[in-house]
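For reference, model_0.cif (mmCIF, C-alpha atoms and all ligand atoms):
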data_run
loop_
_atom_site.label_atom_id
_atom_site.label_comp_id
_atom_site.auth_asym_id
_atom_site.auth_seq_id
_atom_site.Cartn_x
_atom_site.Cartn_y
_atom_site.Cartn_z
CA MET A 1 0.00 0.00 0.00
CA ALA A 2 1.27 3.47 -0.85
CA THR A 3 2.36 5.68 2.01
CA SER A 4 -0.46 7.90 3.17
CA VAL A 5 -0.46 11.26 4.86
CA LEU A 6 -3.15 12.87 7.01
CA LEU A 7 -4.22 16.22 5.56
CA LEU A 8 -5.60 18.87 7.92
CA ASP A 9 -7.48 21.94 6.79
CA ALA A 10 -6.27 25.46 7.53
CA GLY A 11 -8.02 25.28 10.91
CA TRP A 12 -6.06 22.08 11.71
CA ARG A 13 -9.12 19.88 11.57
CA VAL A 14 -9.00 16.61 9.70
CA ASP A 15 -9.66 16.94 6.00
CA ARG A 16 -8.77 13.57 4.50
CA VAL A 17 -6.06 11.03 3.84
CA ILE A 18 -3.91 11.70 0.79
CA GLY A 19 -1.02 9.98 -0.94
CA VAL A 20 2.55 10.96 -0.15
CA GLU A 21 3.08 12.37 -3.68
CA LEU A 22 0.26 14.90 -3.28
CA ALA A 23 1.47 15.78 0.21
CA CYS A 24 4.95 16.38 -1.21
CA GLU A 25 3.52 18.65 -3.90
CA LEU A 26 1.54 20.66 -1.33
CA ILE A 27 4.66 21.14 0.80
CA VAL A 28 6.94 22.04 -2.11
CA THR A 29 4.46 24.55 -3.55
CA GLY A 30 3.90 26.13 -0.15
CA LYS A 31 0.25 25.15 0.08
CA ALA A 32 0.73 23.10 3.23
CA VAL A 33 3.07 22.93 6.20
CA ALA A 34 4.26 20.13 8.44
CA ALA A 35 1.90 19.41 11.32
CA SER A 36 3.89 16.52 12.73
CA GLU A 37 7.58 15.81 13.21
CA ASP A 38 7.14 12.23 12.06
CA ILE A 39 8.25 11.66 8.52
CA ALA A 40 6.03 9.56 6.27
CA GLN A 41 8.60 9.22 3.51
CA VAL A 42 11.60 10.99 2.04
CA MET A 43 10.94 11.85 -1.60
CA HIS A 44 13.84 12.26 -4.02
CA SER A 45 14.02 14.04 -7.31
CA PRO A 46 17.21 14.79 -9.28
CA SER A 47 17.48 18.19 -7.66
CA ILE A 48 15.78 18.07 -4.29
CA GLU A 49 15.03 15.82 -1.39
CA VAL A 50 11.82 16.39 0.58
CA ALA A 51 11.03 14.77 3.91
CA VAL A 52 7.25 14.54 3.79
CA PRO A 53 5.64 14.62 7.25
CA SER A 54 2.98 12.13 8.34
CA VAL A 55 0.56 14.98 8.97
CA VAL A 56 0.38 18.17 6.91
CA ALA A 57 -1.88 21.19 7.29
CA ARG A 58 -3.12 23.41 4.50
CA ILE A 59 -2.35 27.06 4.82
CA GLY A 60 -4.57 29.90 3.70
CA ARG A 61 -8.25 30.46 4.15
CA LEU A 62 -10.81 27.84 5.01
CA HIS A 63 -13.03 26.97 2.09
CA ALA A 64 -16.75 26.62 2.67
CA ALA A 65 -16.57 23.11 1.24
CA GLN A 66 -14.25 22.07 4.05
CA ARG A 67 -16.80 23.03 6.69
CA ARG A 68 -19.80 21.26 5.24
CA THR A 69 -21.17 18.09 6.75
CA PRO A 70 -19.78 14.83 5.40
CA THR A 71 -21.57 13.32 2.43
CA CYS A 72 -23.98 10.58 3.42
CA SER A 73 -23.77 7.16 1.78
CA PRO A 74 -25.19 3.74 2.72
CA ARG A 75 -21.69 2.47 3.54
CA ARG A 76 -21.02 5.42 5.83
CA VAL A 77 -24.38 4.98 7.58
CA ARG A 78 -23.49 1.36 8.33
CA GLN A 79 -20.11 2.49 9.65
CA ARG A 80 -21.73 5.18 11.83
CA ASP A 81 -24.07 2.54 13.25
CA LEU A 82 -21.20 0.10 13.82
CA HIS A 83 -22.73 -2.40 11.39
CA VAL A 84 -25.45 -3.33 13.91
CA CYS A 85 -29.21 -3.27 13.22
CA GLN A 86 -30.56 -0.18 14.99
CA PHE A 87 -34.08 -1.44 15.67
CA VAL A 88 -35.32 -2.38 19.12
CA VAL A 89 -38.25 -4.78 18.81
CA ASP A 90 -40.28 -6.11 21.76
CA GLY A 91 -37.89 -4.24 24.03
CA GLN A 92 -34.89 -6.15 22.65
CA PRO A 93 -32.17 -4.36 20.70
CA CYS A 94 -31.64 -6.42 17.57
CA ASP A 95 -28.09 -7.77 17.57
CA ARG A 96 -28.04 -8.91 13.96
CA CYS A 97 -25.68 -7.39 11.46
CA GLY A 98 -26.96 -4.12 9.99
CA ASP A 99 -25.95 -5.00 6.48
CA SER A 100 -28.75 -3.05 4.84
CA VAL A 101 -29.85 0.54 5.29
CA ASP A 102 -33.43 1.47 6.19
CA HIS A 103 -35.16 4.76 5.36
CA LEU A 104 -37.08 5.68 8.55
CA MET A 105 -39.40 7.72 6.34
CA PRO A 106 -39.59 5.54 3.23
CA ARG A 107 -38.55 6.99 -0.10
CA SER A 108 -42.03 6.15 -1.40
CA ARG A 109 -43.38 8.66 1.16
CA GLY A 110 -40.87 11.35 0.38
CA GLY A 111 -38.10 10.36 2.79
CA GLY A 112 -34.63 11.50 1.78
CA ASN A 113 -31.19 9.93 1.69
CA GLY A 114 -29.74 12.04 4.51
CA TRP A 115 -27.96 11.07 7.71
CA LEU A 116 -31.06 11.65 9.85
CA ASN A 117 -33.35 9.44 7.79
CA LEU A 118 -31.07 6.42 7.40
CA VAL A 119 -30.15 3.70 9.87
CA ALA A 120 -28.35 0.39 9.56
CA ALA A 121 -30.86 -2.47 9.65
CA CYS A 122 -30.77 -6.23 9.38
CA ARG A 123 -32.48 -7.59 6.30
CA GLY A 124 -35.27 -9.17 8.37
CA HIS A 125 -36.34 -5.94 10.05
CA ASN A 126 -35.83 -3.91 6.91
CA HIS A 127 -38.11 -6.34 5.10
CA SER A 128 -40.79 -6.48 7.81
CA LYS A 129 -40.93 -2.69 8.13
CA ALA A 130 -41.25 -2.46 4.34
CA ASP A 131 -42.71 0.88 3.25
CA ARG A 132 -44.17 1.85 6.61
CA THR A 133 -42.74 4.79 8.49
CA PHE A 134 -40.73 4.31 11.66
CA ASP A 135 -43.31 6.38 13.58
CA GLU A 136 -45.97 3.93 12.48
CA MET A 137 -43.85 0.98 13.67
CA ARG A 138 -43.30 2.74 16.96
CA ARG A 139 -46.98 3.46 17.54
CA ARG A 140 -48.41 0.17 16.35
CA TYR A 141 -45.72 -2.32 17.32
CA GLY A 142 -43.64 -0.55 19.95
CA TRP A 143 -40.47 -0.48 17.85
CA ASP A 144 -37.67 1.76 19.06
CA LEU A 145 -34.15 2.70 18.01
CA ARG A 146 -30.88 1.87 19.71
CA ARG A 147 -29.80 5.44 19.05
CA GLU A 148 -31.33 8.34 17.18
CA PRO A 149 -29.56 8.83 13.85
CA TYR A 150 -27.20 11.80 13.82
CA VAL A 151 -24.84 13.61 11.50
CA PRO A 152 -21.29 12.44 12.24
CA SER A 153 -18.32 14.77 12.10
CA ARG A 154 -15.90 14.60 9.18
CA THR A 155 -13.34 13.19 11.61
CA GLU A 156 -15.66 10.40 12.71
CA VAL A 157 -16.38 9.44 9.11
CA LEU A 158 -12.70 9.48 8.27
CA VAL A 159 -11.70 7.44 11.30
CA SER A 160 -14.25 4.71 10.56
CA ALA A 161 -13.16 4.65 6.93
CA ILE A 162 -9.44 4.27 7.64
CA GLY A 163 -9.87 1.67 10.37
CA THR A 164 -6.54 1.62 12.14
CA PRO A 165 -4.91 5.04 11.99
CA LYS A 166 -1.17 5.58 12.25
CA PRO A 167 -0.21 6.34 15.88
CA GLU A 168 1.13 9.78 14.93
CA TRP A 169 -2.28 10.71 13.48
CA GLU A 170 -4.17 9.99 16.67
CA PRO A 171 -3.75 13.40 18.35
CA PHE A 172 -5.57 14.89 15.36
CA LEU A 173 -8.38 12.37 15.23
CA VAL A 174 -10.37 13.53 18.23
CA ALA A 175 -13.74 14.62 16.90
ZN ZN A 201 -32.79 -6.25 13.12
#
Would you write the structure of this file as structure tokens?
Ligand SMILES: [Zn+2]
Amino acid sequence: MATSVLLLDAGWRVDRVIGVELACELIVTGKAVAASEDIAQVMHSPSIEVAVPSVVARIGRLHAAQRRTPTCSPRRVRQRDLHVCQFVVDGQPCDRCGDSVDHLMPRSRGGGNGWLNLVAACRGHNHSKADRTFDEMRRRYGWDLRREPYVPSRTEVLVSAIGTPKPEWEPFLVA
């Protein structure tokens, strides 16, 4: 696997993970500075040698795009919900794998694809809920949720996507 570098935005919050070549380019062109003393890799060209840090921070102004909430996707919803079905049925939290994603307000009733309308669900509960709303399941059958869906931070999304972060990244990965 290619060496990766943690990129912070100009406010030193986590942006994303980038390859060492891009990190080198950002450093050489003055668009980013070292944010860690650990060196990811030393890059050589015929004329220069650049020690690329494990963590780099962009300099300059914060762009609006860097402040927006992370894009929602089914995979990210399952990661947020730790791959566990979020429904509580007959007072029992379901402990089956949440390998599908349920729309609390079904798409057929105008429900969207946002963080607050999606939860990880096992196929059985997803199927039995079908195109009824979660409110209906709550009122008629006493269903509940392990946890209300929420919008995760960019850091949380990144951390669940990268799995095991490098130790030198950890100080920056607190949400
Ligand atoms: Zn379930």
Residues within 10 Å of (-10.5, 17.3, 9.1), file coords, all atoms listed in the file, listed as a list of chain:residue names = A:Leu6, A:Leu7, A:Leu8, A:Asp9, A:Ala10, A:Gly11, A:Trp12, A:Arg13, A:Val14, A:Asp15, A:Arg16, A:Val17, A:Ala57, A:Gln66, A:Arg67, A:Ser153, A:Arg154, A:Thr155, A:Glu156, A:Val157, A:Leu158, A:Phe172, A:Leu173, A:Val174, A:Ala175
May I have the residues within 12 Å of ligand ZN 201 (chain A), computed using only C-alpha atoms and all ligand atoms, as a PyMOL selection string?
-> chain A and resi 83-90+92-102+119-129+143-146
Figure out the distance between CA of Arg76 (chain A) and CA of Cys24 (chain A), please, to one decimal in Å.
-> 29.1 Å
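Across A:Ser73, A:Ser160, A:Ser47, A:Thr3, the tightest approach to Val20 (chain A) is made by A:Thr3 when counting all atoms listed in the file.
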Can you pull out every residue within 8 Å of Ala35 (chain A), counting all atoms listed in the file, but drop anything in the same chain fewer than 4 positions away, and send it as a VMD selection string?
-> chain A and resid 53 to 57
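The space between CA of Gly111 (chain A) and CA of Tyr141 (chain A) spans 20.7 Å.
Ranking A:Leu118, A:Met105, A:Trp169, A:Asp135 by their shortest atom-to-atom distance to Ile39 (chain A), with only C-alpha atoms included, puts A:Trp169 first.
Omitting Asn117 (chain A) and its sequence neighbours fewer than 4 positions away, and counting all atoms listed in the file, the residues within 9 Å are Asp102, His103, Leu104, Met105, Pro106, Gly111, Gly112, Asn113, Pro149 and Tyr150 of chain A.
Interatomic distance, CA of Ile18 (chain A) to CA of Ser4 (chain A): 5.7 Å.
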Which is closest to Ala40 (chain A) among A:Val5, A:Pro70, A:Gly114, A:Phe134, if we use all atoms listed in the file?
-> A:Val5
